[in-house]
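Here is my_file-v5.pdb, consisting of PDB, C-alpha atoms:
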ATOM      1  CA  MET A   5       2.628 -13.811 -20.717  1.00  0.00           C
ATOM      2  CA  ASN A   6       1.665 -10.984 -18.395  1.00  0.00           C
ATOM      3  CA  ASN A   7      -1.957 -10.808 -17.347  1.00  0.00           C
ATOM      4  CA  LYS A   8      -1.900  -7.704 -15.127  1.00  0.00           C
ATOM      5  CA  TYR A   9      -1.783  -4.112 -16.361  1.00  0.00           C
ATOM      6  CA  LEU A  10      -2.120  -0.673 -14.782  1.00  0.00           C
ATOM      7  CA  LEU A  11      -4.015   1.679 -17.095  1.00  0.00           C
ATOM      8  CA  ASP A  12      -3.507   5.393 -16.879  1.00  0.00           C
ATOM      9  CA  THR A  13      -6.362   7.642 -17.956  1.00  0.00           C
ATOM     10  CA  SER A  14      -5.056   8.205 -21.480  1.00  0.00           C
ATOM     11  CA  ALA A  15      -5.001   4.466 -22.172  1.00  0.00           C
ATOM     12  CA  LEU A  16      -8.333   3.843 -20.472  1.00  0.00           C
ATOM     13  CA  TRP A  17      -9.952   6.593 -22.537  1.00  0.00           C
ATOM     14  CA  ASN A  18      -8.682   5.053 -25.765  1.00  0.00           C
ATOM     15  CA  ILE A  19      -9.883   1.509 -25.022  1.00  0.00           C
ATOM     16  CA  ARG A  20     -12.959   2.082 -22.875  1.00  0.00           C
ATOM     17  CA  ASN A  21     -15.462   1.095 -25.583  1.00  0.00           C
ATOM     18  CA  LYS A  22     -13.279  -1.583 -27.144  1.00  0.00           C
ATOM     19  CA  ILE A  23     -12.639  -3.945 -24.250  1.00  0.00           C
ATOM     20  CA  ASN A  24     -14.824  -7.026 -24.015  1.00  0.00           C
ATOM     21  CA  PRO A  25     -15.661  -7.598 -20.331  1.00  0.00           C
ATOM     22  CA  ALA A  26     -16.579 -11.261 -20.792  1.00  0.00           C
ATOM     23  CA  ALA A  27     -13.284 -11.954 -22.574  1.00  0.00           C
ATOM     24  CA  ILE A  28     -11.287 -10.196 -19.853  1.00  0.00           C
ATOM     25  CA  ILE A  29     -12.846 -12.446 -17.233  1.00  0.00           C
ATOM     26  CA  GLU A  30     -12.475 -15.574 -19.381  1.00  0.00           C
ATOM     27  CA  GLU A  31      -8.815 -14.862 -20.161  1.00  0.00           C
ATOM     28  CA  GLY A  32      -7.940 -13.969 -16.562  1.00  0.00           C
ATOM     29  CA  ILE A  33      -6.618 -10.528 -17.491  1.00  0.00           C
ATOM     30  CA  LYS A  34      -6.489  -7.995 -14.651  1.00  0.00           C
ATOM     31  CA  LEU A  35      -6.839  -4.331 -15.577  1.00  0.00           C
ATOM     32  CA  TYR A  36      -6.071  -1.917 -12.772  1.00  0.00           C
ATOM     33  CA  ILE A  37      -6.617   1.788 -12.367  1.00  0.00           C
ATOM     34  CA  THR A  38      -5.764   4.027  -9.438  1.00  0.00           C
ATOM     35  CA  GLN A  39      -8.245   5.878  -7.296  1.00  0.00           C
ATOM     36  CA  LEU A  40      -7.298   9.055  -9.210  1.00  0.00           C
ATOM     37  CA  THR A  41      -8.276   7.670 -12.610  1.00  0.00           C
ATOM     38  CA  PRO A  42     -12.062   8.245 -12.344  1.00  0.00           C
ATOM     39  CA  PHE A  43     -11.393  11.905 -11.514  1.00  0.00           C
ATOM     40  CA  GLU A  44      -9.018  12.344 -14.438  1.00  0.00           C
ATOM     41  CA  TYR A  45     -11.570  10.557 -16.648  1.00  0.00           C
ATOM     42  CA  GLY A  46     -14.210  12.987 -15.413  1.00  0.00           C
ATOM     43  CA  ASN A  47     -11.934  15.916 -16.223  1.00  0.00           C
ATOM     44  CA  ILE A  48     -11.654  14.715 -19.826  1.00  0.00           C
ATOM     45  CA  LEU A  49     -15.440  14.715 -20.029  1.00  0.00           C
ATOM     46  CA  TRP A  50     -15.751  18.093 -18.325  1.00  0.00           C
ATOM     47  CA  LYS A  51     -13.241  19.713 -20.705  1.00  0.00           C
ATOM     48  CA  SER A  52     -15.042  18.183 -23.654  1.00  0.00           C
ATOM     49  CA  TYR A  53     -18.355  19.556 -22.383  1.00  0.00           C
ATOM     50  CA  ILE A  54     -16.930  23.038 -21.776  1.00  0.00           C
ATOM     51  CA  ARG A  55     -15.591  23.043 -25.360  1.00  0.00           C
ATOM     52  CA  GLY A  56     -19.025  22.085 -26.684  1.00  0.00           C
ATOM     53  CA  ILE A  57     -17.891  18.669 -27.901  1.00  0.00           C
ATOM     54  CA  THR A  58     -19.807  16.486 -25.442  1.00  0.00           C
ATOM     55  CA  THR A  59     -23.387  16.704 -24.187  1.00  0.00           C
ATOM     56  CA  GLN A  60     -24.552  16.117 -20.638  1.00  0.00           C
ATOM     57  CA  THR A  61     -26.214  12.900 -21.807  1.00  0.00           C
ATOM     58  CA  GLU A  62     -22.944  11.662 -23.295  1.00  0.00           C
ATOM     59  CA  ILE A  63     -21.160  12.473 -20.036  1.00  0.00           C
ATOM     60  CA  LYS A  64     -23.750  10.502 -18.053  1.00  0.00           C
ATOM     61  CA  ASN A  65     -23.324   7.554 -20.441  1.00  0.00           C
ATOM     62  CA  GLU A  66     -19.533   7.653 -20.113  1.00  0.00           C
ATOM     63  CA  ILE A  67     -19.692   7.831 -16.320  1.00  0.00           C
ATOM     64  CA  THR A  68     -22.189   4.947 -16.292  1.00  0.00           C
ATOM     65  CA  LEU A  69     -19.772   2.904 -18.415  1.00  0.00           C
ATOM     66  CA  LEU A  70     -16.882   3.660 -16.057  1.00  0.00           C
ATOM     67  CA  GLU A  71     -18.970   2.802 -12.997  1.00  0.00           C
ATOM     68  CA  LYS A  72     -20.067  -0.485 -14.571  1.00  0.00           C
ATOM     69  CA  LEU A  73     -16.479  -1.449 -15.423  1.00  0.00           C
ATOM     70  CA  ILE A  74     -15.434  -0.749 -11.821  1.00  0.00           C
ATOM     71  CA  GLU A  75     -18.466  -2.382 -10.184  1.00  0.00           C
ATOM     72  CA  THR A  76     -18.025  -5.576 -12.217  1.00  0.00           C
ATOM     73  CA  LYS A  77     -14.281  -5.639 -11.406  1.00  0.00           C
ATOM     74  CA  ILE A  78     -13.290  -5.366 -15.073  1.00  0.00           C
ATOM     75  CA  LEU A  79     -11.296  -2.410 -13.787  1.00  0.00           C
ATOM     76  CA  GLU A  80      -9.941  -2.928 -10.305  1.00  0.00           C
ATOM     77  CA  ILE A  81      -8.853   0.055  -8.251  1.00  0.00           C
ATOM     78  CA  ILE A  82      -5.359  -0.221  -6.852  1.00  0.00           C
ATOM     79  CA  THR A  83      -4.597   2.172  -4.012  1.00  0.00           C
ATOM     80  CA  ILE A  84      -1.797   4.650  -4.461  1.00  0.00           C
ATOM     81  CA  LYS A  85       0.765   4.489  -1.684  1.00  0.00           C
ATOM     82  CA  ASN A  86       4.391   5.554  -1.239  1.00  0.00           C
ATOM     83  CA  TYR A  87       3.848   9.299  -1.432  1.00  0.00           C
ATOM     84  CA  LYS A  88       7.488  10.028  -0.605  1.00  0.00           C
ATOM     85  CA  GLN A  89       8.612   7.823  -3.491  1.00  0.00           C
ATOM     86  CA  ILE A  90       6.077   9.516  -5.774  1.00  0.00           C
ATOM     87  CA  SER A  91       7.527  12.878  -4.773  1.00  0.00           C
ATOM     88  CA  THR A  92      11.076  11.667  -5.445  1.00  0.00           C
ATOM     89  CA  THR A  93      10.054  10.238  -8.833  1.00  0.00           C
ATOM     90  CA  SER A  94       8.214  13.430  -9.748  1.00  0.00           C
ATOM     91  CA  ILE A  95      11.280  15.547  -9.026  1.00  0.00           C
ATOM     92  CA  LYS A  96      13.739  13.123 -10.609  1.00  0.00           C
ATOM     93  CA  LEU A  97      11.800  12.789 -13.855  1.00  0.00           C
ATOM     94  CA  LYS A  98      10.372  16.338 -13.847  1.00  0.00           C
ATOM     95  CA  ILE A  99       6.844  15.001 -14.260  1.00  0.00           C
ATOM     96  CA  THR A 100       3.599  15.799 -12.488  1.00  0.00           C
ATOM     97  CA  PHE A 101       2.742  14.163  -9.192  1.00  0.00           C
ATOM     98  CA  TYR A 102      -0.187  12.495 -11.014  1.00  0.00           C
ATOM     99  CA  ASP A 103       2.126  10.915 -13.594  1.00  0.00           C
ATOM    100  CA  ALA A 104       4.654   9.970 -10.933  1.00  0.00           C
ATOM    101  CA  SER A 105       1.855   8.218  -9.019  1.00  0.00           C
ATOM    102  CA  TYR A 106       1.212   5.919 -11.988  1.00  0.00           C
ATOM    103  CA  VAL A 107       4.924   5.204 -12.479  1.00  0.00           C
ATOM    104  CA  THR A 108       5.476   4.504  -8.785  1.00  0.00           C
ATOM    105  CA  THR A 109       2.352   2.365  -8.456  1.00  0.00           C
ATOM    106  CA  ALA A 110       3.366   0.294 -11.484  1.00  0.00           C
ATOM    107  CA  LYS A 111       6.865  -0.156 -10.092  1.00  0.00           C
ATOM    108  CA  THR A 112       5.741  -0.931  -6.530  1.00  0.00           C
ATOM    109  CA  ASN A 113       3.255  -3.562  -7.709  1.00  0.00           C
ATOM    110  CA  ASN A 114       5.466  -4.897 -10.516  1.00  0.00           C
ATOM    111  CA  ILE A 115       2.699  -4.298 -13.064  1.00  0.00           C
ATOM    112  CA  PRO A 116       3.310  -2.928 -16.569  1.00  0.00           C
ATOM    113  CA  LEU A 117       1.939   0.569 -17.106  1.00  0.00           C
ATOM    114  CA  VAL A 118      -0.323   1.091 -20.099  1.00  0.00           C
ATOM    115  CA  THR A 119      -0.222   4.714 -21.233  1.00  0.00           C
ATOM    116  CA  ASP A 120      -0.798   6.625 -24.437  1.00  0.00           C
ATOM    117  CA  ASP A 121       1.034   9.642 -23.037  1.00  0.00           C
ATOM    118  CA  LYS A 122       4.304   9.694 -25.000  1.00  0.00           C
ATOM    119  CA  GLY A 123       6.195  11.578 -22.287  1.00  0.00           C
ATOM    120  CA  LEU A 124       5.055   9.226 -19.550  1.00  0.00           C
ATOM    121  CA  LEU A 125       5.872   6.227 -21.733  1.00  0.00           C
ATOM    122  CA  GLU A 126       9.434   7.435 -22.293  1.00  0.00           C
ATOM    123  CA  ASN A 127       9.965   8.470 -18.665  1.00  0.00           C
ATOM    124  CA  SER A 128       8.763   5.068 -17.457  1.00  0.00           C
ATOM    125  CA  LYS A 129      11.137   3.240 -19.741  1.00  0.00           C
ATOM    126  CA  ALA A 130      13.986   5.551 -18.698  1.00  0.00           C
ATOM    127  CA  ILE A 131      13.773   4.199 -15.152  1.00  0.00           C
ATOM    128  CA  SER A 132      13.239   0.577 -16.202  1.00  0.00           C
ATOM    129  CA  ILE A 133       9.496   0.372 -15.690  1.00  0.00           C
ATOM    130  CA  LYS A 134       7.733  -1.741 -18.274  1.00  0.00           C
ATOM    131  CA  ALA A 135       5.379   0.563 -20.123  1.00  0.00           C
ATOM    132  CA  ILE A 136       3.331  -0.051 -23.241  1.00  0.00           C
ATOM    133  CA  THR A 137       0.655   1.764 -25.223  1.00  0.00           C
ATOM    134  CA  SER A 138      -2.971   0.713 -25.508  1.00  0.00           C
ATOM    135  CA  LYS A 139      -2.179  -0.366 -29.090  1.00  0.00           C
ATOM    136  CA  ASP A 140       0.575  -2.628 -27.708  1.00  0.00           C
ATOM    137  CA  LEU A 141      -1.940  -4.080 -25.245  1.00  0.00           C
ATOM    138  CA  LYS A 142      -4.320  -4.779 -28.121  1.00  0.00           C
ATOM    139  CA  LYS A 143      -1.531  -6.513 -30.064  1.00  0.00           C
ATOM    140  CA  THR A 144      -0.538  -8.576 -27.025  1.00  0.00           C
ATOM    141  CA  HIS A 145      -4.092  -9.477 -25.989  1.00  0.00           C
ATOM    142  CA  PRO A 146      -6.371  -9.146 -29.037  1.00  0.00           C
ATOM    143  CA  GLU A 147      -8.693 -11.670 -27.410  1.00  0.00           C
ATOM    144  CA  ILE A 148      -9.893  -9.139 -24.803  1.00  0.00           C
ATOM    145  CA  PHE A 149     -11.066  -6.609 -27.369  1.00  0.00           C
ATOM    146  CA  TYR A 150     -14.230  -6.590 -29.415  1.00  0.00           C
ATOM    147  CA  LYS A 151     -13.619  -7.641 -33.000  1.00  0.00           C
ATOM    148  CA  THR A 152     -13.916  -4.697 -35.395  1.00  0.00           C
ATOM    149  CA  ASN A 153     -13.458  -4.256 -39.111  1.00  0.00           C
ATOM    150  CA  SER A 154     -10.913  -1.472 -38.616  1.00  0.00           C
TER
END
Show me, as structure tokens, the structure contained in the file I just sent.
Amino acid sequence: MNNKYLLDTSALWNIRNKINPAAIIEEGIKLYITQLTPFEYGNILWKSYIRGITTQTEIKNEITLLEKLIETKILEIITIKNYKQISTTSIKLKITFYDASYVTTAKTNNIPLVTDDKGLLENSKAISIKAITSKDLKKTHPEIFYKTNS
């Protein structure tokens, strides 16, 4: 069973409050993000604030959560490389450079991509990159998530 996964921002956003850090360590699961992910995460918060959905306090709490997950190595940052390949993938699949960076990083490091972006999920599979949703991750590794009644 695979124990390494690259989370894009959409997947991270959907599981951020559901993952159990102690269980991740105990089970030996490695969750990776790229160096771009915190900025994309911040953009989600910023857009939510601009739309009047999120308060400044909620943003601070979310950023604190993200920082804690990174500092404790629950989320490990994997460096994006291969910019030429990212460019080629972006053009080939007609996807953004951001999305192509996740696809290329997953492929280069032989790590499944976890994404809740339907387009990115389909494009990844189209070029034989293992890609799953955050729900699939929860089904595969229920032990790393907090138990809920839902």
Atomic separation - CA of Val118 (chain A) relative to CA of Ile74 (chain A), Å: 17.3 Å
Interatomic distance, CA of Lys98 (chain A) to CA of Gly46 (chain A) (Å, one decimal):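 Computing it gives 24.9 Å between the two atoms.
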Point (-6.8, 15.2, -9.8), cut-off 12 Å, counting only C-alpha atoms, residues as a list of chain:residue names: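 Looking at atoms near the point gives A:Thr13, A:Thr38, A:Gln39, A:Leu40, A:Thr41, A:Pro42, A:Phe43, A:Glu44, A:Tyr45, A:Gly46, A:Asn47, A:Ile48, A:Thr100, A:Phe101, A:Tyr102, A:Asp103, A:Ser105.
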The PyMOL selection byres ((chain A and resi 79) around 7) resolved against shown file, as a ChimeraX atom specification: /A:35-37,73-74,77-78,80-81
Selection near Pro146 (chain A), 12 Å with all atoms listed in the file, sequence-local residues under 4 positions removed, as number ranges by chain: A: 19, 22-24, 27-28, 31, 33, 138-142, 150-152
Shortest interatomic distance to Val107 (chain A) - which of A:Asn6, A:Thr68, A:Thr58, A:Ser128, counting only C-alpha atoms: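 Closest residue, counting only C-alpha atoms: A:Ser128.
Distances here use all atoms listed in the file; by that measure, the residue among A:Ala15, A:Ala26, A:Ile57, A:Ile148 closest to Leu124 (chain A) is A:Ala15.
Taking CA of Asn114 (chain A) and CA of Leu10 (chain A) as endpoints, the distance between them is 9.7 Å.
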Nearest to Ile99 (chain A), chosen from A:Glu126, A:Lys72, A:Asp120, A:Thr83, with all atoms listed in the file counted in the distances: A:Glu126
All residues 9 Å or closer to Tyr87 (chain A), only C-alpha atoms, same chain fewer than 3 positions away omitted, as a list in words: Ile84, Ile90, Ser91, Thr92, Ser105 and Thr108 of chain A
Best match for closeness to Ala130 (chain A) among A:Glu75, A:Thr109, A:Ile63, A:Leu97, counting only C-alpha atoms: A:Leu97
Selected residue, from A:Ile131, A:Leu125, A:Ile95, A:Leu117, that lies nearest to Lys8 (chain A) when counting all atoms listed in the file: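 Closest to Lys8 (chain A), using all atoms listed in the file: A:Leu117.
Using all atoms listed in the file, the smallest distance between any of A:Ala104, A:His145, A:Leu69, A:Ile115 and Asn21 (chain A) comes from A:Leu69.
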Find the smallest box with edges along x, y and z containing every listed atom of region 72-83 of chain A, then add 4 Å on each side and report centre and edge lengths in Å to one decimal, as lines of an AutoDock Vina configuration file.
center_x = -12.3
center_y = -1.7
center_z = -9.7
size_x = 23.5
size_y = 15.8
size_z = 19.4
